[in-house]
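Have a look at upload05.txt below; it lists compact mmCIF, C-alpha atoms and all ligand atoms.
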# COMPACT_ATOMS: atom_id res chain seq x y z
CA MET H 1 0.00 0.00 0.00
CA ALA H 2 1.37 3.42 -0.89
CA GLU H 3 2.01 5.97 1.87
CA SER H 4 -0.87 8.20 0.78
CA GLU H 5 -3.19 5.21 0.97
CA ILE H 6 -1.91 4.37 4.45
CA SER H 7 -2.79 7.80 5.74
CA THR H 8 -6.20 7.67 4.03
CA TRP H 9 -6.78 4.34 5.68
CA ALA H 10 -5.61 5.65 9.06
CA GLU H 11 -8.02 8.61 8.71
CA GLU H 12 -10.78 6.14 8.00
CA ILE H 13 -9.96 4.19 11.14
CA GLU H 14 -9.90 7.39 13.18
CA ARG H 15 -13.34 8.25 11.80
CA LYS H 16 -14.59 4.78 12.67
CA LEU H 17 -13.27 5.07 16.22
CA MET H 18 -14.92 8.44 16.72
CA ALA H 19 -18.18 7.12 15.33
CA ALA H 20 -17.88 4.41 17.98
CA ASP H 21 -17.65 7.15 20.67
CA VAL H 22 -13.92 6.98 21.19
CA SER H 23 -12.92 10.50 22.20
CA ARG H 24 -11.35 12.68 19.53
CA ASN H 25 -8.03 12.92 21.41
CA LEU H 26 -7.81 9.21 21.95
CA ALA H 27 -8.73 8.41 18.35
CA GLU H 28 -6.02 10.80 17.14
CA GLU H 29 -3.51 9.30 19.54
CA LEU H 30 -4.32 5.81 18.30
CA LYS H 31 -3.99 6.91 14.70
CA ARG H 32 -0.60 8.49 15.43
CA SER H 33 0.69 5.32 17.13
CA VAL H 34 -0.40 3.22 14.18
CA LEU H 35 1.19 5.54 11.65
CA LYS H 36 4.38 5.44 13.70
CA THR H 37 4.33 1.65 13.73
CA VAL H 38 3.88 1.68 9.97
CA GLU H 39 6.68 4.23 9.46
CA ASP H 40 8.98 2.24 11.72
CA GLY H 41 8.32 -0.86 9.63
CA THR H 42 10.96 -1.83 7.08
CA SER H 43 8.73 -0.99 4.17
CA ALA H 44 5.43 0.83 4.37
CA ARG H 45 4.46 -0.73 1.09
CA LYS H 46 4.22 -4.08 2.79
CA TYR H 47 1.24 -2.91 4.81
CA SER H 48 -2.23 -3.91 3.78
CA PRO H 49 -5.35 -2.26 5.21
CA LYS H 50 -5.95 -5.43 7.18
CA MET H 51 -2.56 -5.05 8.82
CA ILE H 52 -3.30 -1.43 9.66
CA GLU H 53 -6.50 -2.57 11.28
CA LYS H 54 -4.56 -5.21 13.21
CA ALA H 55 -2.08 -2.54 14.28
CA ILE H 56 -4.89 -0.36 15.59
CA ALA H 57 -6.38 -3.36 17.38
CA GLY H 58 -2.95 -3.93 18.92
CA GLU H 59 -2.85 -0.33 20.14
CA VAL H 60 -6.33 -0.66 21.65
CA ILE H 61 -5.27 -3.90 23.35
CA LYS H 62 -2.27 -2.05 24.77
CA LEU H 63 -4.62 0.60 26.13
CA LEU H 64 -6.94 -1.98 27.62
CA ASP H 65 -4.33 -4.27 29.03
CA ARG H 66 -1.23 -2.63 30.35
CA GLY H 67 -0.71 -5.33 32.90
CA LEU H 68 -3.40 -3.59 34.96
CA THR H 69 -4.28 -5.80 37.85
CA HIS H 70 -7.42 -5.57 39.88
CA PHE H 71 -8.63 -6.81 43.20
CA LYS H 72 -10.32 -10.21 43.09
CA PRO H 73 -12.45 -11.22 46.10
CA GLU H 74 -11.35 -14.31 48.00
CA LYS H 75 -13.49 -16.53 50.14
CA SER H 76 -11.07 -16.68 53.07
CA THR H 77 -11.51 -13.03 54.16
CA PRO H 78 -14.58 -10.81 53.82
CA SER H 79 -14.14 -8.39 50.94
CA ILE H 80 -15.94 -5.12 50.36
CA VAL H 81 -16.67 -3.93 46.83
CA MET H 82 -18.30 -0.55 46.29
CA PHE H 83 -20.05 0.48 43.06
CA VAL H 84 -20.11 4.09 41.88
CA GLY H 85 -21.27 5.74 38.69
CA LEU H 86 -23.39 8.34 36.97
CA PRO H 87 -27.15 8.32 37.62
CA GLY H 88 -28.81 5.53 35.66
CA SER H 89 -25.51 3.97 34.55
CA GLY H 90 -26.71 0.57 35.75
CA LYS H 91 -25.14 0.33 39.23
CA THR H 92 -28.02 -1.39 41.01
CA THR H 93 -28.57 -3.86 38.16
CA THR H 94 -24.82 -4.53 38.01
CA VAL H 95 -24.61 -5.09 41.77
CA ALA H 96 -27.34 -7.73 41.49
CA LYS H 97 -25.54 -9.42 38.56
CA TYR H 98 -22.14 -9.24 40.25
CA ALA H 99 -23.72 -10.76 43.36
CA GLN H 100 -25.18 -13.60 41.31
CA PHE H 101 -21.92 -14.23 39.47
CA HIS H 102 -20.03 -14.57 42.76
CA GLN H 103 -22.76 -16.53 44.50
CA ASP H 104 -22.49 -19.03 41.63
CA GLU H 105 -18.76 -19.23 42.40
CA GLY H 106 -19.53 -20.19 45.99
CA PHE H 107 -19.32 -16.83 47.77
CA LYS H 108 -21.78 -15.92 50.48
CA VAL H 109 -22.79 -12.51 49.17
CA ALA H 110 -24.40 -9.50 50.84
CA ILE H 111 -25.69 -6.32 49.22
CA VAL H 112 -25.84 -3.10 51.18
CA CYS H 113 -28.11 -0.44 49.75
CA ALA H 114 -26.28 2.81 50.54
CA ASP H 115 -28.39 4.69 48.03
CA THR H 116 -30.46 6.86 50.34
CA VAL H 117 -31.38 9.27 47.55
CA GLY H 118 -32.98 7.01 44.96
CA ILE H 119 -36.69 6.45 45.46
CA ASP H 120 -37.30 2.78 46.18
CA ALA H 121 -33.60 1.93 45.76
CA LEU H 122 -33.90 -0.75 48.46
CA SER H 123 -36.96 -2.41 46.94
CA GLN H 124 -35.33 -2.27 43.50
CA ILE H 125 -32.36 -4.28 44.73
CA LYS H 126 -34.67 -6.70 46.61
CA ASN H 127 -36.60 -7.30 43.39
CA LEU H 128 -33.51 -7.75 41.28
CA ALA H 129 -31.30 -9.90 43.47
CA ASN H 130 -31.52 -13.62 43.93
CA PRO H 131 -33.35 -14.58 47.18
CA GLY H 132 -30.22 -16.33 48.53
CA ILE H 133 -28.40 -13.03 48.87
CA PHE H 134 -28.38 -11.13 52.17
CA ILE H 135 -29.68 -7.60 51.65
CA TYR H 136 -29.30 -4.73 54.06
CA GLY H 137 -30.83 -1.27 53.80
CA SER H 138 -32.71 1.30 55.84
CA ALA H 139 -35.91 3.09 54.97
CA ASN H 140 -35.36 5.80 57.64
CA GLU H 141 -31.64 6.54 57.66
CA TYR H 142 -30.48 9.26 55.25
CA ASP H 143 -26.78 9.14 56.09
CA SER H 144 -25.58 6.77 53.40
CA ALA H 145 -22.15 6.31 55.02
CA LYS H 146 -23.81 5.18 58.26
CA VAL H 147 -26.07 2.74 56.38
CA ALA H 148 -23.00 1.34 54.62
CA VAL H 149 -21.00 0.88 57.83
CA ASP H 150 -23.95 -0.74 59.65
CA GLY H 151 -24.63 -2.93 56.62
CA ILE H 152 -21.07 -4.22 56.52
CA THR H 153 -21.16 -5.10 60.23
CA LYS H 154 -24.48 -6.93 59.79
CA SER H 155 -23.28 -8.75 56.66
CA ILE H 156 -20.12 -9.96 58.35
CA SER H 157 -22.09 -11.14 61.37
CA HIS H 158 -24.18 -13.12 58.84
CA LYS H 159 -20.91 -14.78 57.77
CA CYS H 160 -20.97 -13.16 54.33
CA ASP H 161 -17.56 -13.13 52.64
CA LEU H 162 -18.38 -10.63 49.91
CA VAL H 163 -20.17 -7.38 50.72
CA LEU H 164 -21.31 -5.22 47.81
CA ILE H 165 -22.24 -1.59 48.37
CA ASP H 166 -24.69 0.05 45.98
CA THR H 167 -24.54 3.87 45.97
CA SER H 168 -26.56 6.80 44.67
CA GLY H 169 -25.93 7.94 41.12
CA CYS H 170 -23.55 10.88 41.27
CA GLY H 171 -21.08 12.82 39.13
CA LYS H 172 -19.22 16.05 38.84
CA GLN H 173 -22.45 17.91 38.03
CA ASP H 174 -23.60 17.51 41.66
CA ALA H 175 -20.75 18.23 44.08
CA ALA H 176 -22.76 17.64 47.28
CA LEU H 177 -23.93 14.19 46.20
CA PHE H 178 -20.49 13.34 44.89
CA ASP H 179 -19.06 14.14 48.33
CA ALA H 180 -21.76 12.15 50.12
CA VAL H 181 -20.83 9.07 48.08
CA ARG H 182 -17.17 9.78 48.70
CA LYS H 183 -17.91 9.75 52.44
CA VAL H 184 -19.24 6.20 52.02
CA ALA H 185 -15.89 5.18 50.54
CA LYS H 186 -13.93 6.95 53.26
CA GLU H 187 -15.86 5.32 56.08
CA THR H 188 -16.01 1.82 54.64
CA ASN H 189 -12.56 1.65 53.07
CA PRO H 190 -13.58 -0.84 50.34
CA ASP H 191 -11.11 -3.33 48.86
CA LEU H 192 -12.33 -2.35 45.40
CA VAL H 193 -14.26 0.58 43.95
CA VAL H 194 -15.95 -0.34 40.66
CA LEU H 195 -16.90 2.40 38.23
CA VAL H 196 -20.12 1.34 36.48
CA TRP H 197 -20.01 2.75 32.98
CA ASP H 198 -22.91 3.06 30.54
CA CYS H 199 -21.28 2.30 27.18
CA SER H 200 -23.54 4.71 25.32
CA ILE H 201 -22.14 7.83 26.99
CA GLY H 202 -20.69 10.07 24.31
CA GLN H 203 -17.75 12.42 24.06
CA ALA H 204 -18.04 13.74 27.67
CA ALA H 205 -16.79 10.37 28.87
CA TYR H 206 -13.20 11.22 29.69
CA GLU H 207 -13.97 14.19 31.97
CA GLN H 208 -16.66 12.28 33.83
CA ALA H 209 -14.47 9.23 34.35
CA ALA H 210 -11.54 11.39 35.42
CA ALA H 211 -13.78 13.10 38.00
CA PHE H 212 -14.59 9.68 39.50
CA LYS H 213 -10.92 8.77 39.61
CA GLU H 214 -10.19 12.03 41.43
CA LYS H 215 -12.79 11.31 44.12
CA PHE H 216 -12.45 7.54 44.43
CA ASN H 217 -9.73 4.97 44.32
CA VAL H 218 -11.38 3.35 41.28
CA GLY H 219 -9.84 -0.07 40.63
CA ALA H 220 -12.07 -1.58 37.94
CA VAL H 221 -14.63 -0.60 35.33
CA ILE H 222 -17.78 -2.53 34.45
CA VAL H 223 -19.30 -1.47 31.15
CA THR H 224 -23.09 -1.76 30.94
CA LYS H 225 -25.71 -1.77 28.16
CA MET H 226 -23.41 -3.50 25.70
CA ASP H 227 -26.54 -5.15 24.27
CA GLY H 228 -27.55 -1.80 22.77
CA SER H 229 -26.47 -0.31 19.47
CA ALA H 230 -23.64 1.83 20.91
CA LYS H 231 -20.21 0.50 20.04
CA GLY H 232 -18.87 1.41 23.47
CA GLY H 233 -15.82 3.49 22.55
CA SER H 234 -16.33 5.63 25.64
CA ALA H 235 -15.24 2.66 27.75
CA LEU H 236 -11.72 3.31 26.46
CA SER H 237 -11.88 6.81 27.91
CA ALA H 238 -13.00 5.33 31.22
CA VAL H 239 -10.03 2.94 31.18
CA VAL H 240 -7.55 5.67 30.33
CA ALA H 241 -8.98 8.15 32.84
CA THR H 242 -9.15 5.67 35.70
CA GLN H 243 -6.09 3.60 34.79
CA SER H 244 -8.24 0.61 35.60
CA PRO H 245 -9.14 -2.48 33.59
CA VAL H 246 -12.61 -3.39 32.38
CA THR H 247 -13.53 -6.55 34.25
CA PHE H 248 -17.11 -7.36 33.21
CA ILE H 249 -19.73 -6.18 30.75
CA GLY H 250 -23.49 -5.98 31.16
CA THR H 251 -25.51 -7.14 28.18
CA GLY H 252 -29.10 -6.83 29.35
CA THR H 253 -31.38 -6.40 32.30
CA GLN H 254 -31.47 -10.05 33.44
CA LEU H 255 -29.14 -11.41 36.13
CA ASP H 256 -27.29 -13.63 33.69
CA ALA H 257 -26.72 -10.85 31.16
CA PHE H 258 -23.23 -10.38 32.55
CA LYS H 259 -19.94 -11.54 31.05
CA VAL H 260 -16.28 -11.43 31.85
CA PHE H 261 -14.79 -8.73 29.62
CA ASN H 262 -13.10 -9.99 26.46
CA GLY H 263 -10.77 -7.42 24.86
CA GLU H 264 -10.81 -8.93 21.39
CA GLU H 265 -14.58 -9.11 21.21
CA TYR H 266 -14.72 -5.50 22.34
CA ILE H 267 -12.27 -4.39 19.64
CA SER H 268 -14.20 -6.26 16.96
CA ARG H 269 -17.30 -4.38 18.00
CA LEU H 270 -15.44 -1.08 18.13
CA LEU H 271 -13.92 -1.43 14.68
CA GLY H 272 -16.97 -3.09 13.19
CA THR H 273 -15.14 -6.27 12.29
CA ARG H 274 -15.40 -9.79 13.52
CA MET H 275 -11.98 -11.05 14.41
CA MET H 276 -13.01 -13.84 16.69
CA GLY H 277 -14.54 -17.20 15.92
CA ALA H 278 -15.14 -18.98 12.66
CA PRO H 279 -16.79 -16.68 10.15
CA LYS H 280 -20.16 -17.79 8.85
CA CYS H 281 -20.55 -18.02 5.14
CA PRO H 282 -24.20 -17.83 4.18
CA GLU H 283 -24.85 -17.78 0.47
CA ALA H 284 -26.26 -14.29 0.85
CA ALA H 285 -22.83 -13.12 1.99
CA ALA H 286 -21.28 -14.88 -0.99
CA ALA H 287 -23.70 -13.09 -3.28
CA ARG H 288 -22.91 -9.77 -1.66
CA PHE H 289 -19.25 -10.52 -1.96
CA LEU H 290 -19.49 -11.31 -5.65
CA ILE H 291 -21.54 -8.28 -6.46
CA CYS H 292 -19.64 -5.89 -4.20
CA THR H 293 -16.35 -7.21 -5.53
CA LEU H 294 -17.40 -6.39 -9.03
CA MET H 295 -18.18 -2.87 -7.91
CA SER H 296 -15.09 -2.41 -5.77
CA GLU H 297 -12.31 -0.08 -6.77
CA SER H 298 -9.62 -2.75 -6.30
CA PHE H 299 -11.45 -5.08 -8.63
CA LYS H 300 -11.91 -2.43 -11.28
CA LYS H 301 -8.26 -1.44 -11.00
CA GLY H 302 -7.09 -5.03 -11.11
CA LEU H 303 -9.36 -5.83 -14.01
CA SER H 304 -8.08 -2.85 -15.88
CA GLU H 305 -4.48 -3.95 -15.23
CA ALA H 306 -5.31 -7.48 -16.25
CA ALA H 307 -7.04 -6.15 -19.33
CA GLY H 308 -3.89 -4.21 -20.22
CA ALA H 309 -1.68 -7.25 -19.71
CA ASN H 310 -3.96 -9.54 -21.67
CA LYS H 311 -5.08 -7.25 -24.43
CA LYS H 312 -3.50 -9.28 -27.14
CA SER H 313 -3.72 -12.64 -25.45
CA THR H 314 -6.57 -15.03 -25.84
CA SER H 315 -7.18 -15.18 -22.08
CA HIS H 316 -10.82 -15.91 -21.44
CA PRO H 317 -12.52 -13.41 -19.14
CA HIS H 318 -13.42 -16.34 -16.94
CA ASP H 319 -9.74 -16.85 -16.17
CA ILE H 320 -9.37 -13.29 -15.03
CA LEU H 321 -12.52 -13.41 -12.98
CA MET H 322 -11.39 -16.68 -11.47
CA LYS H 323 -8.11 -15.17 -10.51
CA PHE H 324 -9.95 -12.37 -8.76
CA PHE H 325 -12.29 -14.65 -6.95
CA ALA H 326 -9.49 -17.04 -6.09
CA ASP H 327 -7.84 -14.00 -4.55
CA GLY H 328 -11.16 -13.34 -2.90
CA TRP H 329 -9.61 -12.85 0.43
CA ASN H 330 -7.30 -10.35 -1.04
CA TYR H 331 -7.47 -7.79 1.75
CA GLY H 332 -7.81 -4.84 -0.55
CA VAL H 333 -11.00 -6.18 -2.05
CA ALA H 334 -12.39 -7.26 1.30
CA GLN H 335 -11.71 -3.88 2.84
CA ASP H 336 -13.20 -2.03 -0.11
CA VAL H 337 -16.34 -4.07 0.13
CA SER H 338 -16.47 -3.61 3.87
CA LEU H 339 -16.21 0.14 3.46
CA ALA H 340 -18.89 0.15 0.81
CA ASP H 341 -21.21 -1.85 3.02
CA ALA H 342 -20.35 -1.40 6.70
CA SER H 343 -22.91 -4.02 7.70
CA VAL H 344 -20.74 -6.77 6.23
CA PRO H 345 -17.84 -7.69 8.52
CA VAL H 346 -14.52 -8.16 6.77
CA SER H 347 -14.23 -11.72 8.04
CA GLU H 348 -17.53 -12.60 6.39
CA ILE H 349 -16.43 -11.11 3.13
CA GLU H 350 -13.18 -12.99 3.33
CA ALA H 351 -15.05 -16.19 4.03
CA ALA H 352 -17.42 -15.55 1.15
CA GLY H 353 -14.45 -14.76 -1.01
CA TYR H 354 -12.89 -18.00 0.05
CA GLN H 355 -16.01 -19.92 -1.00
CA ALA H 356 -16.02 -18.13 -4.31
CA GLY H 357 -12.33 -18.96 -4.57
CA LEU H 358 -13.05 -22.65 -4.03
CA LEU H 359 -15.58 -22.53 -6.79
CA ALA H 360 -13.14 -20.77 -9.06
CA GLU H 361 -10.51 -23.39 -8.32
CA ALA H 362 -12.97 -26.21 -8.98
CA LEU H 363 -13.95 -24.58 -12.26
CA ASN H 364 -10.31 -24.28 -13.16
CA ASN H 365 -9.38 -27.83 -12.26
CA ASP H 366 -12.48 -29.80 -13.20
CA GLY H 367 -14.08 -27.60 -15.81
CA VAL H 368 -17.55 -26.13 -15.94
CA ASP H 369 -19.28 -29.41 -16.88
CA ALA H 370 -18.05 -31.40 -13.88
CA VAL H 371 -18.65 -28.56 -11.46
CA SER H 372 -22.13 -27.84 -12.72
CA LYS H 373 -23.05 -31.47 -12.03
CA ASN H 374 -21.74 -31.27 -8.47
CA PRO H 375 -24.63 -30.36 -6.12
CA ALA H 376 -22.16 -28.84 -3.62
CA TYR H 377 -21.66 -25.95 -6.01
CA GLU H 378 -25.22 -25.53 -7.18
CA ASN H 379 -26.10 -22.40 -5.21
CA LEU H 380 -22.75 -20.78 -5.73
CA LEU H 381 -22.99 -21.43 -9.43
CA VAL H 382 -26.29 -19.60 -9.61
CA LEU H 383 -24.69 -16.65 -7.84
CA TRP H 384 -21.67 -16.89 -10.04
CA ALA H 385 -23.85 -16.68 -13.11
CA LYS H 386 -25.67 -13.65 -11.73
CA ALA H 387 -22.41 -11.96 -10.85
CA GLY H 388 -21.14 -12.80 -14.29
CA LEU H 389 -24.07 -10.97 -15.81
CA CYS H 390 -23.37 -7.94 -13.63
CA CYS H 391 -19.77 -7.75 -14.65
CA GLY H 392 -20.47 -8.10 -18.34
CA CYS H 393 -20.46 -4.33 -18.72
CA TYR H 394 -17.04 -4.01 -17.10
CA LEU H 395 -15.62 -6.66 -19.32
CA LYS H 396 -16.98 -4.91 -22.39
CA LYS H 397 -15.54 -1.64 -21.18
CA PHE H 398 -12.11 -3.21 -20.98
CA GLY H 399 -12.30 -4.66 -24.42
CA PHE H 400 -13.33 -8.25 -23.81
CA THR H 401 -15.66 -9.77 -26.27
CA GLY H 402 -16.06 -13.28 -24.90
CA SER H 403 -19.43 -14.10 -23.39
CA LEU H 404 -19.92 -15.32 -19.83
N1 LIG H 501 -30.23 -3.02 28.11
C1 LIG H 501 -29.62 -2.92 29.30
N2 LIG H 501 -30.18 -2.20 30.26
C2 LIG H 501 -29.53 -2.10 31.44
C3 LIG H 501 -28.28 -2.73 31.67
N3 LIG H 501 -27.90 -2.43 32.93
C4 LIG H 501 -28.87 -1.66 33.45
N4 LIG H 501 -29.85 -1.46 32.57
C5 LIG H 501 -31.08 -0.66 32.71
O1 LIG H 501 -30.70 0.70 32.93
C6 LIG H 501 -31.64 1.33 33.79
C7 LIG H 501 -30.89 1.91 34.99
O2 LIG H 501 -30.34 0.83 35.72
P1 LIG H 501 -30.05 0.92 37.27
O3 LIG H 501 -29.38 -0.34 37.68
O4 LIG H 501 -31.27 1.30 38.03
O5 LIG H 501 -29.03 2.12 37.26
P2 LIG H 501 -28.41 2.89 38.50
O6 LIG H 501 -27.06 3.32 38.10
O7 LIG H 501 -28.53 2.06 39.72
O8 LIG H 501 -29.38 4.14 38.59
P3 LIG H 501 -29.45 5.20 39.81
O9 LIG H 501 -29.38 4.40 41.06
O10 LIG H 501 -30.76 5.87 39.59
O11 LIG H 501 -28.29 6.10 39.63
C8 LIG H 501 -32.62 0.26 34.19
O12 LIG H 501 -33.75 0.38 33.35
C9 LIG H 501 -31.90 -1.05 33.91
O13 LIG H 501 -32.77 -2.12 33.63
C10 LIG H 501 -27.69 -3.49 30.57
O14 LIG H 501 -26.59 -4.06 30.65
N5 LIG H 501 -28.41 -3.54 29.43
MG MG H 502 -29.35 2.48 41.57
Once more with this new file: its structure as structure tokens, please.
Amino acid sequence: MAESEISTWAEEIERKLMAADVSRNLAEELKRSVLKTVEDGTSARKYSPKMIEKAIAGEVIKLLDRGLTHFKPEKSTPSIVMFVGLPGSGKTTTVAKYAQFHQDEGFKVAIVCADTVGIDALSQIKNLANPGIFIYGSANEYDSAKVAVDGITKSISHKCDLVLIDTSGCGKQDAALFDAVRKVAKETNPDLVVLVWDCSIGQAAYEQAAAFKEKFNVGAVIVTKMDGSAKGGSALSAVVATQSPVTFIGTGTQLDAFKVFNGEEYISRLLGTRMMGAPKCPEAAAARFLICTLMSESFKKGLSEAAGANKKSTSHPHDILMKFFADGWNYGVAQDVSLADASVPVSEIEAAGYQAGLLAEALNNDGVDAVSKNPAYENLLVLWAKAGLCCGCYLKKFGFTGSL
């Protein structure tokens, strides 16, 4: 890839990151690191868009996992974990899920409702949490720090080994409430403060997360509402601002909609690609691949080059098409198609390209007659024929006369 193309591609990635709610500064920083990696490489020309994307994924991984360690509760000694976050970020729901997750691991869990501001906060947690979990709260006490301290004492006397403290939604917009929640932390001295982070928060993320880090000894981030349409780029700001790892994600309102954080899955979502797991290859994707390939700039360019090289030869257009489809996972084509149709993950296009490539190879080796009699290729052949019709105009444009 030429240098100008590299920077165009890097711009595109920066745009993608910002569209996924990664802050402008962070997206620029990531782009700069990637460009530096590319420049430091022996030859920039060796880089394909796919490699640039991998480089950016590597930078995001570095951001997410800088050897950050976090407190993990142990059954031998009672641990206290406090949850803080903006109003409505999902703290109470997350506390109930976190409780369930650890109860399933054999902990005896208690939840202390130190949210004395939220209407019905105590009944909300009672409704959400599993009946086996000890719940403490007070309907009359307004001093949330006192409720928290009393709750911890009661939970420990109930032989609980993990005490979770739910707090009122706060943030830098309300200094008094922020300080009241800080008082809870001061008086209970938790082993871990978890920042509960709604993944759909936009560009204000960094300042908000930094404000929490200033007030609390935040040690971990739990990102909620990852089942929604937001790509969750603001979680990166939360990680950078708090210098804390993401430990879990929330993916719904039910107790089991809670997963250990997986960096690679997160990056795939952020960049709109699917890097994990075997790609599916439905025929529809193959069709899209064939048709999008024919429309892609790389294909047109390649076809034009091939046309130039073969002008005087007797090469059948099929051979050239086959070469293109056999190179179906040619990153340039896959990326082009992915850009043209963001709903198609690159891995799917590559897989579809691979299928088309298999067909091309079979056509090459066994000939059209044998392949057309093989039921395994029936559907792909239909698509192939349709794609062939679509590309007829290109072939004509480049001087081919043979019919497909
Ligand atoms: N879709 C989805 N909704 C969630 C998730 N987590 C929480 N919610 C919903 O978000 C809303 C707020 O959740 P709460 O747990 O009450 O949030 P909170 O931070 O305790 O709110 P306050 O105590 O008022 O500050 C509720 O409607 C939850 O059902 C999630 O992972 N996915
Ligand atoms: Mg709450």
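Compared by their closest atoms to H:Tyr136, and using all atoms listed in the file, the residues H:Ser123, H:Ser155, H:Thr167, H:Thr116 rank with H:Ser155 nearest.
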Spatial neighbours of H:Ser244, 10 Å, all atoms listed in the file, chain gap at least 5 places, as a ChimeraX atom specification: /H:64-70,194-195,213,217-221,238-239
Near-ligand residues for ligand MG 502 (chain H), threshold 8 Å, all atoms listed in the file, as JSON, numbers by chain: {"H": [87, 88, 90, 91, 92, 93, 115, 118, 121, 124, 166, 167, 168, 169]}
Residue neighbourhood H:Val109, 9 Å, all atoms listed in the file, exclusion window fewer than 6 positions, as a PDB file with C-alpha atoms, keeping the file's coordinate frame:
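Once everything was written out, this is part34.pdb:
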ATOM      1  CA  ALA H  99     -23.720 -10.760  43.360  1.00  0.00           C
ATOM      2  CA  GLN H 100     -25.180 -13.600  41.310  1.00  0.00           C
ATOM      3  CA  HIS H 102     -20.030 -14.570  42.760  1.00  0.00           C
ATOM      4  CA  GLN H 103     -22.760 -16.530  44.500  1.00  0.00           C
ATOM      5  CA  GLY H 132     -30.220 -16.330  48.530  1.00  0.00           C
ATOM      6  CA  ILE H 133     -28.400 -13.030  48.870  1.00  0.00           C
ATOM      7  CA  PHE H 134     -28.380 -11.130  52.170  1.00  0.00           C
ATOM      8  CA  ILE H 135     -29.680  -7.600  51.650  1.00  0.00           C
ATOM      9  CA  SER H 155     -23.280  -8.750  56.660  1.00  0.00           C
ATOM     10  CA  CYS H 160     -20.970 -13.160  54.330  1.00  0.00           C
ATOM     11  CA  ASP H 161     -17.560 -13.130  52.640  1.00  0.00           C
ATOM     12  CA  LEU H 162     -18.380 -10.630  49.910  1.00  0.00           C
ATOM     13  CA  VAL H 163     -20.170  -7.380  50.720  1.00  0.00           C
ATOM     14  CA  LEU H 164     -21.310  -5.220  47.810  1.00  0.00           C
TER      15      LEU H 164
END
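From atom CA of H:Thr77 back to atom CA of H:His158, the distance works out to 13.5 Å.
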Quick one: residues within 7 Å of H:Ile267, only C-alpha atoms counted, chain neighbours fewer than 4 positions away excluded, as a PDB file with C-alpha atoms, keeping the file's coordinate frame?
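Final file, result-v3.pdb:
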ATOM      1  CA  ALA H  57      -6.380  -3.360  17.380  1.00  0.00           C
ATOM      2  CA  GLY H 263     -10.770  -7.420  24.860  1.00  0.00           C
ATOM      3  CA  LEU H 271     -13.920  -1.430  14.680  1.00  0.00           C
TER       4      LEU H 271
END
Near-H:Gln173 list (10 Å; only C-alpha atoms; drop same-chain fewer than 4 positions) as a VMD selection string: chain H and resid 86 177 to 178 208 211
Minimum-distance residue to ligand LIG 501 (chain H), chosen among H:Ile152, H:Ala210, H:Ala10, H:Val95 (using all atoms listed in the file): H:Val95
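Using all atoms listed in the file, the shortest contact distance between ligand LIG 501 (chain H) and any of H:Asp21, H:Asp198, H:Glu14, H:Glu187 is found at H:Asp198.
With atom CA of H:Ile61 on one side and atom CA of H:Tyr266 on the other, the separation reads 9.6 Å.
Closest approach to ligand LIG 501 (chain H) from the set H:Asp120, H:Glu264, H:Glu214, H:Glu141 is made by H:Asp120, with distances taken over all atoms listed in the file.
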Point-to-point distance in Å for atom CA of H:Val34 and atom CA of H:Ala55: 6.0 Å
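Proximity of H:Gly171, H:Pro190, H:Gly151, H:Pro73 to ligand LIG 501 (chain H), computed with only C-alpha atoms and all ligand atoms, is greatest for H:Gly171.
Of the residues listed (H:Asn140, H:Thr253, H:Ser234, H:Asn25), H:Thr253 shows the shortest atom-to-atom separation from ligand LIG 501 (chain H); distances use all atoms listed in the file.
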Could you pull the residues within 12 Å of H:Thr153, counting all atoms listed in the file, minus those fewer than 3 positions along the same chain, as a PDB file with C-alpha atoms, in the frame of the given file?
ATOM      1  CA  PRO H  78     -14.580 -10.810  53.820  1.00  0.00           C
ATOM      2  CA  ILE H  80     -15.940  -5.120  50.360  1.00  0.00           C
ATOM      3  CA  ALA H 110     -24.400  -9.500  50.840  1.00  0.00           C
ATOM      4  CA  ILE H 111     -25.690  -6.320  49.220  1.00  0.00           C
ATOM      5  CA  VAL H 112     -25.840  -3.100  51.180  1.00  0.00           C
ATOM      6  CA  TYR H 136     -29.300  -4.730  54.060  1.00  0.00           C
ATOM      7  CA  LYS H 146     -23.810   5.180  58.260  1.00  0.00           C
ATOM      8  CA  VAL H 147     -26.070   2.740  56.380  1.00  0.00           C
ATOM      9  CA  ALA H 148     -23.000   1.340  54.620  1.00  0.00           C
ATOM     10  CA  VAL H 149     -21.000   0.880  57.830  1.00  0.00           C
ATOM     11  CA  ASP H 150     -23.950  -0.740  59.650  1.00  0.00           C
ATOM     12  CA  ILE H 156     -20.120  -9.960  58.350  1.00  0.00           C
ATOM     13  CA  SER H 157     -22.090 -11.140  61.370  1.00  0.00           C
ATOM     14  CA  HIS H 158     -24.180 -13.120  58.840  1.00  0.00           C
ATOM     15  CA  LYS H 159     -20.910 -14.780  57.770  1.00  0.00           C
ATOM     16  CA  CYS H 160     -20.970 -13.160  54.330  1.00  0.00           C
ATOM     17  CA  ASP H 161     -17.560 -13.130  52.640  1.00  0.00           C
ATOM     18  CA  VAL H 163     -20.170  -7.380  50.720  1.00  0.00           C
ATOM     19  CA  THR H 188     -16.010   1.820  54.640  1.00  0.00           C
TER      20      THR H 188
END
